[in-house]
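Okay, so here's the structure we're looking at.
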Amino acid sequence: MHKFVLTGMLWITAIAAEAQYPGYALLQNASSFQAQFAAASQKTNTVKSDFVQEKTRSLLAEKIVSKGKFWFKKENAVRMEYTQPFQYLMIINGSNVYIKDNQKENKISTKSNKLFRQINTIMIDCVNGKALQSSDFKVRIFEGKTTFMAELSPVNKNLKTLFSNINMVIEKKDYAVSRIEMHEPSGDGTSIHFVNRQFNIPLADALFAVR
Amino acid sequence: MRCLLYVSCWLICAACSSSYKKLQRTEADPLCISAFRPAFSRALYHAQVNVTGKHLSGLLIIKAMPDSSIRMVFSSEAGFKFFDFEFDRTGFKVHYIYSQMNKKAVIKTLRKDFELLLMQHLNVPRSYTLKSDGNYYHVFPDGRDYYYYITDSTCTNLLRMERGSRKKRVVEAIMHPGNDGMPDTIGIKHHNFNFDIGLKRLRDDTER
């Protein structure tokens, strides 16, 4: 009887997940995926890529698209340079963040700002793959035809006010993250799609310097 | 020479900050300024905000909704949302505000600043016009707040907008119109504390 109920519940969960992410099915056992993903992340020391960011404002039926260049260097350095339709530079290097817009430069130490530290950690962990092991999230893995999708649902109260969930789309061919989607409780969201990715090319430390 | 420059700047500032009490009543239609009311359909702005020594930038989207209300959503360049406000003819609604900004004074200040730009107070019953040195001040009182729209004598150019009391200016705003009825640049400056907002219109893929 218990087995029957359990099978039924799993089946209902799988159907609900399929409805949530068309083309994807929930992986009941993700250990093989986790191992492959961890191995690929281990081998990735640098990433250079272009990106397209889409901000969706659901109630406004609005999309704001911006484009730019992205660099990552192990362990925890990220540089994002927005070039269209505005100029904006953000460098995350460890616990330091450097921001430059049209007018000013700003240096922020995330040590003194809990929220900034959390967002900073999420950003870095999504790129280097550590988010899948984070205790801040409940993780479910879905399998599609050419990609996996890791669904990260926040478990702590602060993060729940910011995100309903964060989804990472991971390519099957190389286990690299090709898209990060951040969904807000209001229904709004931001997705960052990485294109023209290059892995393990030399990147100068100066790119990530927070002066 | 440097001294002269300093004195000139001081005189200009002193003139700017003088009260409204020297202005004279004049017969003119204050509603002539409705011609300058921005006709927002959808506009995206890069915003620069300086508040008490801190700097913040982001994207502000202003959009007219099917029910004729105006929505303003401000978020960081990277996607983090700060606020989502709704303005309509009869009121104002906060759909969302980031917890650290969720203070009555902050919301009230932003609301009044944007209402000045949107010209939300033109239908008040006791509007009138004052004049000084060829400039006309079209005044729209709303409770203890007075909204001033300053034009030339023929009401063909909107020079600036101000909010204050009957005697003293609190906020000054300027708006440069684009060719589609929506402003290309907007500047808001507070005179009672260090707070200014600069908005520059962006033409993104949606508008191309």
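Here's how to read the names in the structure tokens: chain A, B, ... by the order shown, residue numbers from 1 in each chain, ligand numbers from 1 in the order shown.
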Margin query: For a quick test of understanding: name the residues of chain B lying within 8 Å of chain A when counting only C-alpha atoms, and present them as a ChimeraX atom specification.
Written below: /B:46,48,55,57,63,65,71,77,79,202-206
Using only C-alpha atoms, determine which residues lie at most 9 Å from region 70-76 of chain A, disregarding the query and same-chain residues fewer than 2 positions distant; provide the list as a short mmCIF file (atom, residue, chain, number, x, y, z; two decimals) with C-alpha atoms, in the first residue's frame.
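Final output, out_26.cif:
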data_model
loop_
_atom_site.label_atom_id
_atom_site.label_comp_id
_atom_site.auth_asym_id
_atom_site.auth_seq_id
_atom_site.Cartn_x
_atom_site.Cartn_y
_atom_site.Cartn_z
CA THR A 44 37.21 24.97 -15.73
CA ASN A 45 39.70 27.60 -14.62
CA THR A 46 38.58 30.51 -16.78
CA VAL A 47 35.57 31.45 -18.89
CA LYS A 48 35.31 34.25 -21.42
CA SER A 49 31.94 34.85 -22.99
CA ASP A 50 29.44 37.31 -24.40
CA PHE A 51 26.13 37.55 -22.62
CA GLY A 68 27.90 42.67 -22.77
CA VAL A 78 33.86 37.68 -12.17
CA ARG A 79 33.88 40.65 -14.51
CA MET A 80 30.68 41.72 -16.27
CA GLU A 81 30.87 44.58 -18.73
CA TYR A 82 27.52 45.79 -20.05
CA ILE A 92 33.43 40.75 -8.15
CA ASN A 93 36.72 39.59 -6.68
CA GLY A 94 36.40 37.61 -3.49
CA SER A 95 34.57 39.78 -1.01
CA THR A 121 28.06 34.36 -3.39
CA ILE A 124 29.97 33.26 -8.16
CA ASP A 125 28.56 29.88 -7.09
CA VAL A 127 29.22 30.22 -12.42
CA ASN A 128 31.63 27.83 -10.71
CA PHE A 194 26.07 33.08 -22.22
CA ASN A 200 40.51 27.90 -19.99
CA LEU A 203 42.98 35.82 -18.43
CA ASP A 205 44.49 39.22 -13.12
CA LEU A 207 40.83 42.23 -15.56
CA PHE A 208 39.52 41.49 -12.08
#
Checklist line | Straight-line distance linking CA of Arg111 (chain B) with CA of Ala43 (chain B), stated in Å to one decimal | finding: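 Distance reported for this atom pair: 18.3 Å.
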Note to self: One number please: CA of Thr185 (chain B) to CA of Phe36 (chain B), in Å, one decimal.
What the structure shows: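 Between CA of Thr185 (chain B) and CA of Phe36 (chain B) the gap works out to 14.1 Å.
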Check: Using only C-alpha atoms, which residues sit within 9 Å of Ile62 (chain B) once same-chain residues fewer than 2 positions away are excluded, as number ranges by chain?
Finding: B: 40-45, 60, 64, 70-74
